[in-house]
2 protein chains.
Amino acid sequence: MSDALRVIPLGGLGEIGRNMMIYEYGGEAIAVDVGLLFPDAEHLGVDIIIPEISYLRRDPSLLQAVFLTHGHEDHIGALPFLLREMNVPVFCSELTRGLIEVKLREHRLLDRVQITVLEPGQRVSVGPFTVEFFLVSHSIPDAGGFHIHTPLGDVVHTGDFKIDHTPVMGQHTDLPRLAEAGAEGVLLLAADSTYAEIEGYTPSEQIVADALDRAIGAAEGRVIVTTFASLISRVQMVLDAAERHGRRVFVTGRSMVNNVTMARDLGYLQSAPETFLSQRQVASHPDSGTIIVCTGSQGEPTAALTRMARGTHPVVAIGEGDTVILSSNPVPGNEKQVYRNIDALFERGANVIYNRIDSVHVRGHAAREELKIVHRIVQPRYFVPIHGEYRHLVLHRELAIELGMEPDDAIILSDGDVLEIDEGGARIAERVSSDYVFVDGLGVGDVDEFVLRDRQHLATDGVLVVIAAVDRHTGRLTRPPEVMSHGFVGPEEEPALLEAGAKLVTDIVGSGPAGRRDWADLHESLKDDVLMLMQKRTHRRPLVLPVMLEV
Amino acid sequence: MSDALRVIPLGGLGEIGRNMMIYEYGGEAIAVDVGLLFPDAEHLGVDIIIPEISYLRRDPSLLQAVFLTHGHEDHIGALPFLLREMNVPVFCSELTRGLIEVKLREHRLLDRVQITVLEPGQRVSVGPFTVEFFLVSHSIPDAGGFHIHTPLGDVVHTGDFKIDHTPVMGQHTDLPRLAEAGAEGVLLLAADSTYAEIEGYTPSEQIVADALDRAIGAAEGRVIVTTFASLISRVQMVLDAAERHGRRVFVTGRSMVNNVTMARDLGYLQSAPETFLSQRQVASHPDSGTIIVCTGSQGEPTAALTRMARGTHPVVAIGEGDTVILSSNPVPGNEKQVYRNIDALFERGANVIYNRIDSVHVRGHAAREELKIVHRIVQPRYFVPIHGEYRHLVLHRELAIELGMEPDDAIILSDGDVLEIDEGGARIAERVSSDYVFVDGLGVGDVDEFVLRDRQHLATDGVLVVIAAVDRHTGRLTRPPEVMSHGFVGPEEEPALLEAGAKLVTDIVGSGPAGRRDWADLHESLKDDVLMLMQKRTHRRPLVLPVMLEV
């Protein structure tokens with residue numbers, strides 16, 4: 001046990017410290033956030049990606065508690081996987097509790113997990129740490145950061161934030177509290193770097209409220225609005241505009257319905273009950289008095305807006321006169337499917353309003369000028385850029401240095417790096433195991449790079465199964481070989497290629513010595529020669545699976 | 001044969017008229033551009049996508065000639081596939097000829113294709129059409145549009161363009177010629193819509209020249225620059241900066257080397273011969289005097305810059321002191337792989353300069369104010385927005401209407417729509433077959449939606465092969481069944497699952513009636529029951545392939 005403060009980002013897959021950050025002192029640790037990542041196209045068949053926690057497993061008494069900054073999936077989504085191994089208490093804001101309870105119930109963990117709601121300014125002590133929650137402005141209500149008092153000094157962990165002086169639901173980033181912390185002295189600042197590339201300021205949600213109100217006011221027919229299901233403040237704006245313009249609101253799409261219901265129950269959404277239309281009512285309600293709020297802002301294949309774009313939504317058929325508003329930007333990687341929906345909605349005759357043609361969305365993260373404000377008022381001794389890909393961390397670190405920090409005091413960590421801070425200074429002391437784990441269906445971690453490589457191979461050129469039944473005594477085929485394929489070639493080309501494959505198998509088996517065969521050898525040459533034949537004929541390399549039966 | 005002018009976009013897969021546009025009159029037609037599309041992630045294993053041309057096949061005497069606007073793949077890449085079926089003369093600018101000759105040679109078509117270079121202002125008559133080439137400013141030299149004189153009136157087809165009043169290689173969009181055409185009277189304008197979403201003006205290449213010069217001047221160590229291989233003007237800027245700052249240039253990456261060689265041969269790149277470094281020279285040349293120009297601006301997996309980022313480039317090892325400049329933006333869909341390279345280059349210690357942090361790239365297409373200029377000076381009777389996804393066409397059409405055009409005269413076409421214009425007006429008269437064709441290896445068109453669906457299935461959950469050898473007389477298994485899998489589960493989970501599968505097969509076959517079996521029935525139940533078992537155990541749905549052998 002050293003008397004250093006240890007700071008360890010875990011399992012980000014290129015996004016440092018967004019998913020999980022460990023603060024450790026004297027053999028006791030807390031985790032800030034336990035999030036997931038969504039797979040890229042290359043992660044074939046993978047559902048979600050979660051941090052690997054073997055570092056925490058090494059010493060089951062290490063982790064004392066989990067603190068959650070806010071309720072987005074990349075900060076809470078892996079919580080059930082951690083808690084089912086280590087049942088530690090969880091501290092978070094009220095809305096975040098609402099969101100994780102749904103998850104824990106699905107994983108049948110709700111009954112045995114202890115969740116404590118933290119009010120802003122409230123302090124809680126866990127081992128050597130005293131942790132205080134402070135509010136920040138972000139694209140979900142009840143988001144915050146933590147002011148962590150440690151025996152060596154204070155840490156400010158911002159979580160995802162931006163600075164919005166005119167937020168729509170009253171939630172400012174608590175600059176006075178951060179200034180107070182700065183005045184008291186901050187040992188370490190760990191701050192959001194997501195938009196460290198963006199010059200200037202992120203605009204206020206207020207400009208979105210204005211743009212939405214304008215668009216809804218100008219629409220003559222039905223209005224369909226999509227946004228992130230967790231962006232409750234955006235839904236509130238739509239409810240407000242609906243009341244101003246004498247419209248009623250129908251909510252559709254599972255996650256949107258769930259979040260709106262929960263937010264209404266918890267008092268985060270305020271609207272007269274009669275504002276809402278049921279599915280039965282929406283059919284007979286006039287278009288000019290209707291707003292539909294739905295999922296699908298990211299072009300997700302089964303979401304409500306995607307179904308409307310494809311003409312397969314059971315309730316809403318888009319056509320001339322409809323106005324569709326996408327109050328969101330595509331998350332990187334989703335651009336194609338989002339724009340495909342927009343194109344399809346235009347083709348159905350709708351007027352589509354999206355961020356390229358009006359300000360119907362603003363980002364949820366601080367741009368460079370906002371970051372500078374936080375650095376100036378927190379005035380940390382050390383700085384670790386978090387929440388960003390490597391280039392964002394580099395740019396955020398350079399920003400800190402421009403503001404006067406010594407280069408050695410602004411430290412970029414990679415996943416698993418252990419930053420140790422003590423009276424003597426700050427240094428990367430060691431590197432612990434930190435990987436990520438693929439979750440596919442019920443399997444947690446069994447899908448690895450090798451399985452993905454097989455899937456990639458299958459995805460590119462399909463599969464060819466070669467079946468040879470060989471007489472155990474004569475070593476000859478007992479029947480004509482069979483070859484079948486999937487995902488390899490089209491139906492017109494397939495018969496000739498399979499026939500050529502079967503003939504080759506006959507030749508190979510027939511040309512060998514009679515009697516007992518070297519099966520491994522025969523297997524190899526079936527595999528290689530059939531592949532070579534197919535590659536020559538098609539320039540494709542299917543996965544060839546020889547099946548040999550000794551009969 | 002009608003006396004109408006027929007205008008038909010073919011095979012764009014969402015991008016109308018970028019890849020191929022047919023102009024037809026009195027049973028004779030010309031094609032403007034014959035381009036390809038690159039596949040999306042969903043087009044598993046597909047190499048390129050080309051327009052389907054069954055419309056042209058219907059009447060082999062229809063197509064008279066091909067005219068190419070410029071040498072980008074999305075305008076020329078499918079040319080060999082068309083010409084090997086219909087050997088018509090090709091008309092294009094000199095650089096475009098250089099680029100298509102490489103392609104035609106690869107396809108062994110060069111000897112039998114007639115290519116004629118068109119100078120700006122030169123007219124050529126083909127059937128009822130007289131076609132004149134005019135220059136435009138775009139992200140490749142020698143780009144242009146066509147002024148097509150038809151018996152019914154003139155057509156202006158812009159091709160891809162922007163307006164640049166201070167182009168780096170002297171190539172302006174020929175506004176005087178367009179104004180002249182407008183004054184003479186234009187029946188139809190078909191104009192680039194790619195950036196119809198973007199307000200204002202596209203900045204001039206000159207600001208890129210300035211930014212590149214600044215970055216190269218400020219660099220102390222080696223400079224590595226990547227851009228599109230066809231963006232010759234950008235390479236010229238780098239050569240100019242190299243000479244100004246006393247550096248020499250090494251070119252690497254196959255397509256960059258090919259294009260630079262061809263552009264030097266044709267006189268499009270001008271530089272002292274001693275400016276260039278050979279691979280042998282670059283190793284011993286001082287870093288502070290070296291610029292490396294390379295491929296990889298789109299993060300292509302095997303391109304030079306990607307290898308440098310991964311540390312696998314045979315000649316260039318990136319490290320502290322290196323400055324890497326990405327003079328390009330990610331093409332939609334390539335964002336992830338481009339930013340992954342940038343992150344990796346930062347991690348190697350390089351200073352990376354890209355468009356988010358300095359103006360080292362400008363777009364190649366006209367923004368809204370530029371489009372307005374073209375509409376005002378061409379003053380067409382009818383307008384068809386081309387080169388864009390559906391939303392771009394809608395916005396471009398709305399722009400034309402804002403400028404005073406009658407809504408009925410601004411017409412959005414979809415692929416295969418036949419716009420007929422005659423003295424009586426313009427209307428979509430019919431729709432002809434227009435699809436796209438997948439090219440995978442040597443196969444042109446055999447990979448269809450069904451093959452892709454199989455590949456998608458294989459990619460998501462892998463494959464499971466079930467082998468049952470059944471005695472033809474007793475109907476019983478002659479040996480234990482075998483089950484094997486690929487891309488399904490990890491090595492630890494696999495044995496138990498395969499064993500459970502084999503046991504299930506034993507049960508199924510054993511539980512049936514003795515004697516001859518209904519094979520189709522048995523096949524179905526092996527497939528369904530094994531899938532159900534696997535799905536229950538893993539929540540995955542592999543492709544199950546039962547192999548049954550009667551022995």
# chains A, B, ... in the order shown; residues from 1 in each chain; ligands from 1
>>> select_by_dssp(residues="stretch 49-242 of chain A", states="strand (DSSP E or B)", output="VMD selection string")
chain A and resid 49 to 51 63 to 67 90 to 92 115 to 117 123 to 126 129 to 135 137 144 to 150 153 to 157 162 188 to 192 223 to 226
>>> interface_residues(of="chain B", to="chain A", cutoff="8 Å", atoms="only C-alpha atoms", output="PyMOL selection string")
chain B and resi 41+44-46+197-198+332-333+335-336+342-344+346-347+356-357+389-391+394+440-443+446-448+450-456+458-462+486-493+537-540+551
>>> closest_atom_pairs(of="stretch 102-159 of chain B", to="stretch 79-87 of chain B", cutoff="9 Å", atoms="only C-alpha atoms", output="CSV")
residue,atom,partner,partner_atom,distance
B:Lys103,CA,B:Pro80,CA,7.2
B:Leu104,CA,B:Pro80,CA,6.1
B:His107,CA,B:Pro80,CA,6.7
B:Leu109,CA,B:Arg84,CA,7.2
B:Arg112,CA,B:Asn87,CA,7.8
B:Val113,CA,B:Asn87,CA,6.5
B:Gln114,CA,B:Asn87,CA,8.3
>>> select_by_dssp(residues="stretch 90-310 of chain A", states="helix (DSSP H, G or I)", output="JSON, numbers by chain")
{"A": [94, 95, 96, 97, 98, 99, 100, 101, 102, 103, 104, 105, 106, 110, 111, 112, 175, 176, 177, 178, 179, 180, 181, 182, 183, 184, 205, 206, 207, 208, 209, 210, 211, 212, 213, 214, 215, 216, 217, 218, 232, 233, 234, 235, 236, 237, 238, 239, 240, 241, 242, 243, 244, 254, 255, 256, 257, 258, 259, 260, 261, 262, 263, 264, 265, 273, 274, 275, 279, 280, 281, 282, 283, 284, 287, 288, 289, 304, 305, 306, 307, 308, 309, 310]}
>>> closest_residue(among="A:Ile115, A:Val384, A:Ile50, A:Ala191", to="A:Gly159", atoms="only C-alpha atoms")
A:Ala191
>>> closest_residue(among="B:Leu188, B:Ala263, B:Ala219, B:Ala242", to="B:Ile140", atoms="only C-alpha atoms")
B:Ala263
>>> residues_around(residues="B:Ile30", least_positions_apart="4", cutoff="6 Å", atoms="only C-alpha atoms", output="PyMOL selection string")
chain B and resi 22-23+63-66
